[in-house]
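Source file: query23.cif; contents: mmCIF, C-alpha atoms, pLDDT in the B column; chains and numbers go by the auth columns.
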```
data_my_file
#
loop_
_atom_site.group_PDB
_atom_site.id
_atom_site.type_symbol
_atom_site.label_atom_id
_atom_site.label_comp_id
_atom_site.label_asym_id
_atom_site.label_seq_id
_atom_site.Cartn_x
_atom_site.Cartn_y
_atom_site.Cartn_z
_atom_site.B_iso_or_equiv
_atom_site.auth_seq_id
_atom_site.auth_asym_id
ATOM 1 C CA MET A 1 92.589 24.685 112.677 66.00 7 W
ATOM 2 C CA THR A 2 95.855 22.756 112.745 85.00 8 W
ATOM 3 C CA VAL A 3 98.695 24.651 114.367 92.00 9 W
ATOM 4 C CA ARG A 4 102.154 23.300 115.116 94.00 10 W
ATOM 5 C CA SER A 5 104.455 25.438 117.236 93.00 11 W
ATOM 6 C CA ASP A 6 108.178 24.787 117.133 94.00 12 W
ATOM 7 C CA PRO A 7 107.971 21.163 115.954 95.00 13 W
ATOM 8 C CA GLU A 8 111.756 21.332 115.474 96.00 14 W
ATOM 9 C CA GLU A 9 112.004 21.925 119.246 95.00 15 W
ATOM 10 C CA ASN A 10 114.575 24.683 118.756 97.00 16 W
ATOM 11 C CA GLU A 11 113.302 26.430 121.855 96.00 17 W
ATOM 12 C CA THR A 12 113.563 23.281 123.968 95.00 18 W
ATOM 13 C CA HIS A 13 117.093 22.559 122.765 96.00 19 W
ATOM 14 C CA ALA A 14 118.208 26.146 123.402 96.00 20 W
ATOM 15 C CA LEU A 15 116.703 26.105 126.894 96.00 21 W
ATOM 16 C CA LEU A 16 118.073 22.687 127.850 96.00 22 W
ATOM 17 C CA ASN A 17 121.478 23.741 126.567 94.00 23 W
ATOM 18 C CA LEU A 18 121.448 26.682 128.988 94.00 24 W
ATOM 19 C CA ILE A 19 120.052 24.667 131.884 94.00 25 W
ATOM 20 C CA GLY A 20 122.900 22.199 131.271 90.00 26 W
ATOM 21 C CA SER A 21 124.511 21.223 134.511 80.00 27 W
ATOM 22 C CA LEU A 22 123.104 24.073 136.609 86.00 28 W
ATOM 23 C CA THR A 23 121.743 23.308 140.024 82.00 29 W
ATOM 24 C CA THR A 24 118.010 23.449 139.472 88.00 30 W
ATOM 25 C CA ARG A 25 116.458 21.918 142.548 91.00 31 W
ATOM 26 C CA GLN A 26 113.999 24.813 142.843 96.00 32 W
ATOM 27 C CA VAL A 27 112.803 26.530 139.654 97.00 33 W
ATOM 28 C CA LEU A 28 110.486 29.496 139.263 97.00 34 W
ATOM 29 C CA GLU A 29 108.823 29.883 135.874 97.00 35 W
ATOM 30 C CA ILE A 30 107.378 33.367 135.460 97.00 36 W
ATOM 31 C CA GLY A 31 104.489 33.502 133.014 95.00 37 W
ATOM 32 C CA CYS A 32 104.054 29.792 132.362 96.00 38 W
ATOM 33 C CA GLY A 33 101.003 30.354 130.151 93.00 39 W
ATOM 34 C CA ASP A 34 99.366 27.047 129.259 92.00 40 W
ATOM 35 C CA GLY A 35 102.466 25.085 130.306 95.00 41 W
ATOM 36 C CA ARG A 36 103.660 24.475 126.744 91.00 42 W
ATOM 37 C CA LEU A 37 107.301 25.035 127.670 94.00 43 W
ATOM 38 C CA THR A 38 107.087 23.712 131.237 96.00 44 W
ATOM 39 C CA TRP A 39 106.517 20.111 130.162 95.00 45 W
ATOM 40 C CA ARG A 40 109.459 20.326 127.791 93.00 46 W
ATOM 41 C CA TYR A 41 112.129 21.168 130.381 95.00 47 W
ATOM 42 C CA ALA A 42 110.598 19.659 133.529 95.00 48 W
ATOM 43 C CA ASP A 43 112.538 16.416 133.316 93.00 49 W
ATOM 44 C CA ALA A 44 115.813 18.347 133.512 93.00 50 W
ATOM 45 C CA THR A 45 114.951 20.130 136.763 94.00 51 W
ATOM 46 C CA GLY A 46 113.639 19.552 140.253 94.00 52 W
ATOM 47 C CA HIS A 47 110.595 21.210 141.756 96.00 53 W
ATOM 48 C CA ILE A 48 108.907 23.852 139.576 97.00 54 W
ATOM 49 C CA THR A 49 106.810 26.757 140.811 97.00 55 W
ATOM 50 C CA ALA A 50 104.909 28.062 137.798 97.00 56 W
ATOM 51 C CA ILE A 51 103.137 31.407 138.049 97.00 57 W
ATOM 52 C CA GLU A 52 100.750 32.953 135.544 96.00 58 W
ATOM 53 C CA PRO A 53 98.363 35.905 136.018 96.00 59 W
ATOM 54 C CA ASP A 54 95.927 34.814 133.300 94.00 60 W
ATOM 55 C CA THR A 55 93.339 32.573 134.962 96.00 61 W
ATOM 56 C CA GLU A 56 92.223 30.837 131.775 94.00 62 W
ATOM 57 C CA ARG A 57 95.752 30.004 130.716 93.00 63 W
ATOM 58 C CA ILE A 58 96.853 28.643 134.087 96.00 64 W
ATOM 59 C CA GLN A 59 93.742 26.487 134.215 97.00 65 W
ATOM 60 C CA GLN A 60 94.781 25.079 130.829 95.00 66 W
ATOM 61 C CA ALA A 61 98.222 24.370 132.284 96.00 67 W
ATOM 62 C CA GLN A 62 96.783 22.662 135.345 96.00 68 W
ATOM 63 C CA SER A 63 94.527 20.480 133.180 96.00 69 W
ATOM 64 C CA ALA A 64 97.315 19.600 130.776 95.00 70 W
ATOM 65 C CA CYS A 65 99.940 18.825 133.419 96.00 71 W
ATOM 66 C CA PRO A 66 101.148 15.264 132.825 95.00 72 W
ATOM 67 C CA ALA A 67 100.432 12.882 135.707 95.00 73 W
ATOM 68 C CA SER A 68 104.139 12.184 136.080 94.00 74 W
ATOM 69 C CA LEU A 69 104.801 15.868 136.871 94.00 75 W
ATOM 70 C CA ARG A 70 101.912 16.656 139.197 93.00 76 W
ATOM 71 C CA LYS A 71 103.987 16.180 142.359 93.00 77 W
ATOM 72 C CA ARG A 72 106.813 18.338 141.039 95.00 78 W
ATOM 73 C CA VAL A 73 104.961 21.288 139.488 97.00 79 W
ATOM 74 C CA GLU A 74 102.887 23.703 141.538 96.00 80 W
ATOM 75 C CA PHE A 75 100.821 26.456 139.936 97.00 81 W
ATOM 76 C CA HIS A 76 99.904 29.896 141.227 97.00 82 W
ATOM 77 C CA ASN A 77 97.450 32.214 139.494 97.00 83 W
ATOM 78 C CA LEU A 78 99.507 35.295 140.390 97.00 84 W
ATOM 79 C CA ASN A 79 101.745 37.826 138.713 96.00 85 W
ATOM 80 C CA LEU A 80 105.374 38.233 139.759 95.00 86 W
ATOM 81 C CA GLU A 81 104.776 41.034 142.263 94.00 87 W
ATOM 82 C CA GLN A 82 101.866 39.217 143.896 96.00 88 W
ATOM 83 C CA TYR A 83 103.884 36.036 144.174 97.00 89 W
ATOM 84 C CA ALA A 84 106.985 37.801 145.527 96.00 90 W
ATOM 85 C CA ALA A 85 104.859 39.456 148.221 95.00 91 W
ATOM 86 C CA GLN A 86 104.026 35.993 149.536 94.00 92 W
ATOM 87 C CA VAL A 87 107.592 34.703 149.596 91.00 93 W
ATOM 88 C CA HIS A 88 109.856 35.885 152.378 84.00 94 W
ATOM 89 C CA SER A 89 113.098 34.230 151.343 86.00 95 W
ATOM 90 C CA ALA A 90 115.148 33.628 148.201 87.00 96 W
ATOM 91 C CA PRO A 91 114.434 29.991 147.557 92.00 97 W
ATOM 92 C CA PHE A 92 115.087 29.559 143.844 97.00 98 W
ATOM 93 C CA ASP A 93 118.144 28.237 142.042 96.00 99 W
ATOM 94 C CA LEU A 94 116.770 29.217 138.655 97.00 100 W
ATOM 95 C CA ALA A 95 114.129 31.590 137.326 97.00 101 W
ATOM 96 C CA ILE A 96 112.827 31.268 133.782 97.00 102 W
ATOM 97 C CA LEU A 97 111.242 34.245 132.063 94.00 103 W
ATOM 98 C CA ALA A 98 109.755 32.726 128.957 89.00 104 W
ATOM 99 C CA TRP A 99 108.308 35.341 126.600 85.00 105 W
ATOM 100 C CA SER A 100 107.166 37.299 129.620 79.00 106 W
ATOM 101 C CA LEU A 101 109.570 40.137 130.465 67.00 107 W
ATOM 102 C CA MET B 1 110.846 46.106 133.810 74.00 7 R
ATOM 103 C CA VAL B 2 113.997 46.902 135.774 75.00 8 R
ATOM 104 C CA HIS B 3 111.855 46.598 138.889 84.00 9 R
ATOM 105 C CA ALA B 4 110.618 43.187 137.683 88.00 10 R
ATOM 106 C CA LEU B 5 114.217 42.041 137.309 90.00 11 R
ATOM 107 C CA GLN B 6 114.996 43.265 140.827 90.00 12 R
ATOM 108 C CA THR B 7 112.034 41.249 142.061 93.00 13 R
ATOM 109 C CA VAL B 8 113.300 38.174 140.226 94.00 14 R
ATOM 110 C CA GLN B 9 116.706 38.666 141.793 92.00 15 R
ATOM 111 C CA SER B 10 115.156 38.898 145.263 93.00 16 R
ATOM 112 C CA LEU B 11 113.670 35.442 144.734 96.00 17 R
ATOM 113 C CA LEU B 12 116.941 33.834 143.633 96.00 18 R
ATOM 114 C CA LYS B 13 119.518 32.314 145.921 94.00 19 R
ATOM 115 C CA ALA B 14 122.899 34.065 145.816 93.00 20 R
ATOM 116 C CA GLY B 15 124.582 32.820 142.639 94.00 21 R
ATOM 117 C CA GLY B 16 121.229 31.666 141.250 95.00 22 R
ATOM 118 C CA HIS B 17 120.463 31.897 137.548 96.00 23 R
ATOM 119 C CA LEU B 18 117.927 33.602 135.326 96.00 24 R
ATOM 120 C CA ILE B 19 117.095 32.398 131.825 96.00 25 R
ATOM 121 C CA ASP B 20 115.346 34.996 129.694 95.00 26 R
ATOM 122 C CA ILE B 21 113.598 33.981 126.470 95.00 27 R
ATOM 123 C CA ARG B 22 111.928 36.644 124.355 91.00 28 R
ATOM 124 C CA PRO B 23 111.361 37.524 120.712 90.00 29 R
ATOM 125 C CA SER B 24 114.086 39.571 119.098 89.00 30 R
ATOM 126 C CA THR B 25 113.205 42.928 117.602 83.00 31 R
ATOM 127 C CA SER B 26 113.293 41.644 114.025 88.00 32 R
ATOM 128 C CA ARG B 27 109.875 41.314 112.369 90.00 33 R
ATOM 129 C CA PRO B 28 108.500 37.768 112.077 95.00 34 R
ATOM 130 C CA GLU B 29 108.514 36.444 108.502 97.00 35 R
ATOM 131 C CA ILE B 30 105.565 34.769 106.840 97.00 36 R
ATOM 132 C CA ILE B 31 106.346 32.097 104.289 97.00 37 R
ATOM 133 C CA ALA B 32 104.024 30.051 102.098 96.00 38 R
ATOM 134 C CA ARG B 33 105.088 26.521 101.289 96.00 39 R
ATOM 135 C CA THR B 34 103.733 25.519 97.901 94.00 40 R
ATOM 136 C CA LYS B 35 104.135 22.465 95.688 92.00 41 R
ATOM 137 C CA THR B 36 106.953 24.278 93.911 92.00 42 R
ATOM 138 C CA GLY B 37 108.853 25.589 96.936 94.00 43 R
ATOM 139 C CA ALA B 38 108.823 28.144 99.728 95.00 44 R
ATOM 140 C CA GLN B 39 107.857 31.735 99.052 95.00 45 R
ATOM 141 C CA PHE B 40 108.294 34.700 101.370 97.00 46 R
ATOM 142 C CA ILE B 41 105.007 36.641 101.390 97.00 47 R
ATOM 143 C CA GLY B 42 105.644 39.370 103.964 97.00 48 R
ATOM 144 C CA TYR B 43 106.091 40.262 107.587 96.00 49 R
ATOM 145 C CA LEU B 44 103.820 40.069 110.579 95.00 50 R
ATOM 146 C CA GLU B 45 103.158 43.483 112.060 91.00 51 R
ATOM 147 C CA GLU B 46 102.625 44.316 115.687 84.00 52 R
ATOM 148 C CA MET B 47 100.445 47.191 116.806 78.00 53 R
ATOM 149 C CA ASP B 48 103.117 48.452 119.185 73.00 54 R
ATOM 150 C CA ASP B 49 106.006 47.646 116.801 60.00 55 R
ATOM 151 C CA GLY B 50 107.407 45.270 119.388 68.00 56 R
ATOM 152 C CA ILE B 51 108.317 48.149 121.688 80.00 57 R
ATOM 153 C CA GLU B 52 108.008 45.967 124.771 80.00 58 R
ATOM 154 C CA TYR B 53 110.775 43.691 123.482 81.00 59 R
ATOM 155 C CA THR B 54 113.063 46.680 122.980 82.00 60 R
ATOM 156 C CA GLN B 55 112.241 47.896 126.489 86.00 61 R
ATOM 157 C CA ALA B 56 112.860 44.442 127.929 85.00 62 R
ATOM 158 C CA GLY B 57 116.271 44.296 126.263 86.00 63 R
ATOM 159 C CA ALA B 58 117.152 47.729 127.605 89.00 64 R
ATOM 160 C CA ALA B 59 116.043 46.762 131.120 89.00 65 R
ATOM 161 C CA LEU B 60 118.185 43.652 131.021 90.00 66 R
ATOM 162 C CA LYS B 61 121.226 45.628 129.848 91.00 67 R
ATOM 163 C CA GLN B 62 120.663 48.145 132.631 92.00 68 R
ATOM 164 C CA SER B 63 120.512 45.355 135.219 91.00 69 R
ATOM 165 C CA ILE B 64 123.799 43.983 133.902 92.00 70 R
ATOM 166 C CA ARG B 65 125.425 47.439 133.959 93.00 71 R
ATOM 167 C CA GLU B 66 124.298 47.941 137.544 91.00 72 R
ATOM 168 C CA GLY B 67 125.736 44.573 138.562 91.00 73 R
ATOM 169 C CA ALA B 68 122.400 42.999 139.451 90.00 74 R
ATOM 170 C CA PHE B 69 123.113 40.181 137.001 95.00 75 R
ATOM 171 C CA LEU B 70 126.136 38.858 135.134 95.00 76 R
ATOM 172 C CA LEU B 71 125.570 37.803 131.545 96.00 77 R
ATOM 173 C CA GLU B 72 126.920 34.271 131.077 95.00 78 R
ATOM 174 C CA TYR B 73 125.631 33.369 127.627 95.00 79 R
ATOM 175 C CA GLU B 74 123.279 34.589 124.938 94.00 80 R
ATOM 176 C CA ASP B 75 122.118 33.224 121.617 95.00 81 R
ATOM 177 C CA GLN B 76 119.255 33.258 119.135 96.00 82 R
ATOM 178 C CA PHE B 77 117.071 30.533 117.679 97.00 83 R
ATOM 179 C CA THR B 78 114.226 30.339 115.194 97.00 84 R
ATOM 180 C CA PHE B 79 110.755 29.625 116.536 97.00 85 R
ATOM 181 C CA SER B 80 108.410 28.467 113.785 97.00 86 R
ATOM 182 C CA THR B 81 104.637 28.133 113.829 97.00 87 R
ATOM 183 C CA TYR B 82 102.968 26.148 111.059 97.00 88 R
ATOM 184 C CA THR B 83 99.339 26.394 109.975 97.00 89 R
ATOM 185 C CA ASP B 84 97.561 24.817 107.036 95.00 90 R
ATOM 186 C CA THR B 85 96.111 28.058 105.619 94.00 91 R
ATOM 187 C CA ILE B 86 96.466 31.825 106.032 95.00 92 R
ATOM 188 C CA GLN B 87 92.996 31.872 107.597 94.00 93 R
ATOM 189 C CA SER B 88 94.185 29.388 110.231 95.00 94 R
ATOM 190 C CA LEU B 89 97.125 31.639 111.001 96.00 95 R
ATOM 191 C CA GLU B 90 94.771 34.601 111.291 94.00 96 R
ATOM 192 C CA ASN B 91 92.551 32.676 113.722 94.00 97 R
ATOM 193 C CA TYR B 92 95.547 31.516 115.724 93.00 98 R
ATOM 194 C CA LEU B 93 96.860 35.069 116.054 93.00 99 R
ATOM 195 C CA ALA B 94 93.434 36.373 117.067 91.00 100 R
ATOM 196 C CA GLU B 95 93.402 33.849 119.880 87.00 101 R
ATOM 197 C CA LYS B 96 97.023 33.842 121.046 83.00 102 R
ATOM 198 C CA TRP B 97 98.715 37.024 119.877 85.00 103 R
ATOM 199 C CA LYS B 98 96.159 39.781 120.024 82.00 104 R
ATOM 200 C CA ASP B 99 98.419 42.717 119.123 85.00 105 R
ATOM 201 C CA ALA B 100 99.739 41.013 115.975 90.00 106 R
ATOM 202 C CA VAL B 101 98.358 42.009 112.599 89.00 107 R
ATOM 203 C CA LEU B 102 98.475 40.167 109.295 94.00 108 R
ATOM 204 C CA PRO B 103 98.794 42.946 106.702 95.00 109 R
ATOM 205 C CA PRO B 104 96.076 42.791 103.999 96.00 110 R
ATOM 206 C CA GLN B 105 98.671 42.420 101.233 97.00 111 R
ATOM 207 C CA VAL B 106 100.077 39.313 102.946 96.00 112 R
ATOM 208 C CA ILE B 107 96.615 37.773 103.124 96.00 113 R
ATOM 209 C CA GLU B 108 95.994 38.640 99.467 96.00 114 R
ATOM 210 C CA LYS B 109 99.286 37.057 98.389 96.00 115 R
ATOM 211 C CA ALA B 110 98.540 33.891 100.337 96.00 116 R
ATOM 212 C CA LEU B 111 95.005 33.629 98.963 95.00 117 R
ATOM 213 C CA ALA B 112 96.287 34.151 95.406 95.00 118 R
ATOM 214 C CA LEU B 113 98.816 31.352 95.945 94.00 119 R
ATOM 215 C CA GLN B 114 96.120 29.097 97.416 92.00 120 R
ATOM 216 C CA LYS B 115 94.107 29.524 94.196 93.00 121 R
ATOM 217 C CA SER B 116 97.135 29.050 91.916 93.00 122 R
ATOM 218 C CA PRO B 117 98.254 25.671 90.525 92.00 123 R
ATOM 219 C CA ALA B 118 101.141 25.654 93.005 90.00 124 R
ATOM 220 C CA GLY B 119 98.636 25.773 95.878 91.00 125 R
ATOM 221 C CA VAL B 120 99.599 26.327 99.515 92.00 126 R
ATOM 222 C CA GLU B 121 100.570 23.317 101.557 94.00 127 R
ATOM 223 C CA GLU B 122 101.518 25.205 104.682 96.00 128 R
ATOM 224 C CA ILE B 123 101.929 28.704 106.066 97.00 129 R
ATOM 225 C CA LEU B 124 104.958 29.282 108.222 97.00 130 R
ATOM 226 C CA LEU B 125 105.487 32.087 110.733 97.00 131 R
ATOM 227 C CA LYS B 126 109.175 32.423 111.604 97.00 132 R
ATOM 228 C CA GLU B 127 110.284 34.383 114.657 95.00 133 R
ATOM 229 C CA GLN B 128 113.820 35.039 115.797 96.00 134 R
ATOM 230 C CA VAL B 129 114.035 34.530 119.545 95.00 135 R
ATOM 231 C CA HIS B 130 116.705 35.728 121.945 94.00 136 R
ATOM 232 C CA ILE B 131 117.778 33.525 124.847 96.00 137 R
ATOM 233 C CA ALA B 132 120.180 34.515 127.598 95.00 138 R
ATOM 234 C CA ARG B 133 121.482 33.038 130.815 96.00 139 R
ATOM 235 C CA LEU B 134 122.359 35.423 133.621 96.00 140 R
ATOM 236 C CA ARG B 135 123.730 34.831 137.062 96.00 141 R
ATOM 237 C CA SER B 136 122.926 36.669 140.235 94.00 142 R
ATOM 238 C CA PRO B 137 126.095 37.743 142.098 90.00 143 R
ATOM 239 C CA ALA B 138 127.295 35.166 144.606 77.00 144 R
ATOM 240 C CA ALA B 139 127.068 37.690 147.447 61.00 145 R
ATOM 241 C CA ARG B 140 124.586 40.540 147.724 57.00 146 R
#
```

Rewritten as structure tokens:
Amino acid sequence: MTVRSDPEENETHALLNLIGSLTTRQVLEIGCGDGRLTWRYADATGHITAIEPDTERIQQAQSACPASLRKRVEFHNLNLEQYAAQVHSAPFDLAILAWSL
Amino acid sequence: MVHALQTVQSLLKAGGHLIDIRPSTSRPEIIARTKTGAQFIGYLEEMDDGIEYTQAGAALKQSIREGAFLLEYEDQFTFSTYTDTIQSLENYLAEKWKDAVLPPQVIEKALALQKSPAGVEEILLKEQVHIARLRSPAAR
């Protein structure tokens, strides 16, 4: 089965256009899935905390994470409420809800 | 969903941003690319009629009305998925998009085109996607 998703990179361009010149030292990606989108914007941001409640999908993301990003992307197999319960401050400059609200 | 947005806001610094990407409420189109051109063959259906996207949009509007977020920018883009056959698209949906349904008439049309002289070179699923950037108030 050959499947190509967004080879035109319309999603990436739209996202990078909105990230623009924002301060993005600390980014929270909610529902990162298999990391498909994470790799596409990671170079435009600082540290990324990627959360995903689906164990299989986050394992795919962890396996697929490029070596160059491993120090900058941390994964948590948690949903938003579970993650928020562990965080006792407001540390993020940017939150990304990608197909997950 | 409003509660989820409040949770997101609690994790953002004052003045921090939220980018929301989600499918629009329009039905995704299915197009067959043949040797003689592109042919629209129908729409993808969702078991819940995409109600969660409508609810998400309403929750976001409510958050804006209540001042939890300020809308800075919104736009739409096309997100396309390409497969080599209608069966491949069916398999892909079964794996990745479990509440999506390929209507039988769409499958029949695609199979008829596959058997025709024009053939099918590619099946294209086109979704319209909404993207918005919102800002948390500078002081809470």

Go through the shown structure with the PyMOL selection byres ((chain R) within 10 of (chain W)) and write out the matching residues as a ChimeraX atom specification. /R:7-11,13-29,58-59,61-63,65-66,78-91,93-95,97-98,129-132,135-142

Go ahead and dump the residues you just picked, C-alpha atoms, as a compact mmCIF listing (two decimals), in the coordinates of the input.
```txt
# COMPACT_ATOMS: atom_id res chain seq x y z
CA MET R 7 110.85 46.11 133.81
CA VAL R 8 114.00 46.90 135.77
CA HIS R 9 111.86 46.60 138.89
CA ALA R 10 110.62 43.19 137.68
CA LEU R 11 114.22 42.04 137.31
CA THR R 13 112.03 41.25 142.06
CA VAL R 14 113.30 38.17 140.23
CA GLN R 15 116.71 38.67 141.79
CA SER R 16 115.16 38.90 145.26
CA LEU R 17 113.67 35.44 144.73
CA LEU R 18 116.94 33.83 143.63
CA LYS R 19 119.52 32.31 145.92
CA ALA R 20 122.90 34.06 145.82
CA GLY R 21 124.58 32.82 142.64
CA GLY R 22 121.23 31.67 141.25
CA HIS R 23 120.46 31.90 137.55
CA LEU R 24 117.93 33.60 135.33
CA ILE R 25 117.10 32.40 131.82
CA ASP R 26 115.35 35.00 129.69
CA ILE R 27 113.60 33.98 126.47
CA ARG R 28 111.93 36.64 124.36
CA PRO R 29 111.36 37.52 120.71
CA GLU R 58 108.01 45.97 124.77
CA TYR R 59 110.78 43.69 123.48
CA GLN R 61 112.24 47.90 126.49
CA ALA R 62 112.86 44.44 127.93
CA GLY R 63 116.27 44.30 126.26
CA ALA R 65 116.04 46.76 131.12
CA LEU R 66 118.18 43.65 131.02
CA GLU R 78 126.92 34.27 131.08
CA TYR R 79 125.63 33.37 127.63
CA GLU R 80 123.28 34.59 124.94
CA ASP R 81 122.12 33.22 121.62
CA GLN R 82 119.26 33.26 119.14
CA PHE R 83 117.07 30.53 117.68
CA THR R 84 114.23 30.34 115.19
CA PHE R 85 110.76 29.62 116.54
CA SER R 86 108.41 28.47 113.78
CA THR R 87 104.64 28.13 113.83
CA TYR R 88 102.97 26.15 111.06
CA THR R 89 99.34 26.39 109.98
CA ASP R 90 97.56 24.82 107.04
CA THR R 91 96.11 28.06 105.62
CA GLN R 93 93.00 31.87 107.60
CA SER R 94 94.18 29.39 110.23
CA LEU R 95 97.12 31.64 111.00
CA ASN R 97 92.55 32.68 113.72
CA TYR R 98 95.55 31.52 115.72
CA ILE R 129 101.93 28.70 106.07
CA LEU R 130 104.96 29.28 108.22
CA LEU R 131 105.49 32.09 110.73
CA LYS R 132 109.18 32.42 111.60
CA VAL R 135 114.04 34.53 119.54
CA HIS R 136 116.70 35.73 121.94
CA ILE R 137 117.78 33.52 124.85
CA ALA R 138 120.18 34.52 127.60
CA ARG R 139 121.48 33.04 130.82
CA LEU R 140 122.36 35.42 133.62
CA ARG R 141 123.73 34.83 137.06
CA SER R 142 122.93 36.67 140.24
```

Taking into account only C-alpha atoms, which residue in the set W:Asn85, W:Asn23, W:Thr51, W:Thr44 is nearest to Gln68 of chain W?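 Looking only at the distances to Gln68 of chain W, the closest residue turns out to be W:Thr44.
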
Rounded to one decimal in Å, what is the spacing between atom CA of Ala116 of chain R and atom CA of Glu128 of chain R? 10.2 Å

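For the pair atom CA of Ala106 of chain R and atom CA of Tyr47 of chain W, the separation is 27.5 Å.
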
Near segment 47-56 of chain R, counting all atoms listed in the file, which residues have an atom at most 10 Å away, once you skip same-chain residues fewer than 3 positions from it, shown as a PyMOL selection string? chain R and resi 29-38+44+59-61+103-109+111-116+119+129+131-133

What separates atom CA of Pro59 of chain W and atom CA of Leu76 of chain R is a distance of 27.9 Å

Using the file's own x, y and z axes, so that the box edges lie along x, y and z, what centre and edge lengths in Å (one decimal) does a box around every listed atom of segment 7-20 of chain W get when 6 Å is added on each side? Give it as lines of an AutoDock Vina configuration file.
```
center_x = 105.4
center_y = 23.8
center_z = 118.3
size_x = 37.6
size_y = 17.3
size_z = 23.3
```

Dump as a list in words all residues having an atom at most 12 Å from (105.0, 16.3, 141.0), computed in the file's coordinates with only C-alpha atoms.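 The distance filter leaves exactly Trp45, Ala48, Asp49, Thr51, Gly52, His53, Ile54, Thr55, Gln68, Cys71, Pro72, Ala73, Ser74, Leu75, Arg76, Lys77, Arg78, Val79, Glu80 and Phe81 of chain W.
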
Using the partial input, fill out segment 79-96 of chain R with N, CA and C atoms; write the result as a short mmCIF file (atom, residue, chain, number, x, y, z; two decimals), keeping the file's coordinate frame.
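Generated output (part_33.cif):
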```cif
data_model
loop_
_atom_site.label_atom_id
_atom_site.label_comp_id
_atom_site.auth_asym_id
_atom_site.auth_seq_id
_atom_site.Cartn_x
_atom_site.Cartn_y
_atom_site.Cartn_z
N TYR R 79 125.74 33.93 128.98
CA TYR R 79 125.63 33.37 127.63
C TYR R 79 124.39 33.96 126.97
N GLU R 80 124.49 34.22 125.67
CA GLU R 80 123.28 34.59 124.94
C GLU R 80 123.35 34.06 123.52
N ASP R 81 122.19 33.84 122.94
CA ASP R 81 122.12 33.22 121.62
C ASP R 81 120.75 33.55 121.01
N GLN R 82 120.56 33.10 119.79
CA GLN R 82 119.26 33.26 119.14
C GLN R 82 118.85 31.92 118.53
N PHE R 83 117.56 31.71 118.41
CA PHE R 83 117.07 30.53 117.68
C PHE R 83 115.82 30.93 116.92
N THR R 84 115.43 30.08 115.98
CA THR R 84 114.23 30.34 115.19
C THR R 84 113.06 29.56 115.78
N PHE R 85 111.97 30.26 116.03
CA PHE R 85 110.76 29.62 116.54
C PHE R 85 109.72 29.68 115.42
N SER R 86 109.32 28.52 114.93
CA SER R 86 108.41 28.47 113.78
C SER R 86 107.03 27.95 114.19
N THR R 87 106.02 28.58 113.63
CA THR R 87 104.64 28.13 113.83
C THR R 87 104.07 27.79 112.46
N TYR R 88 103.49 26.62 112.34
CA TYR R 88 102.97 26.15 111.06
C TYR R 88 101.44 26.06 111.12
N THR R 89 100.79 26.58 110.09
CA THR R 89 99.34 26.39 109.98
C THR R 89 99.05 25.92 108.56
N ASP R 90 97.85 25.36 108.36
CA ASP R 90 97.56 24.82 107.04
C ASP R 90 97.13 25.89 106.03
N THR R 91 96.54 26.97 106.51
CA THR R 91 96.11 28.06 105.62
C THR R 91 96.39 29.41 106.27
N ILE R 92 96.28 30.47 105.48
CA ILE R 92 96.47 31.82 106.03
C ILE R 92 95.31 32.17 106.99
N GLN R 93 94.13 31.62 106.70
CA GLN R 93 93.00 31.87 107.60
C GLN R 93 93.24 31.23 108.97
N SER R 94 93.87 30.05 108.95
CA SER R 94 94.18 29.39 110.23
C SER R 94 95.19 30.21 111.03
N LEU R 95 96.15 30.79 110.31
CA LEU R 95 97.12 31.64 111.00
C LEU R 95 96.44 32.87 111.59
N GLU R 96 95.51 33.43 110.82
CA GLU R 96 94.77 34.60 111.29
C GLU R 96 93.98 34.25 112.56
#
```
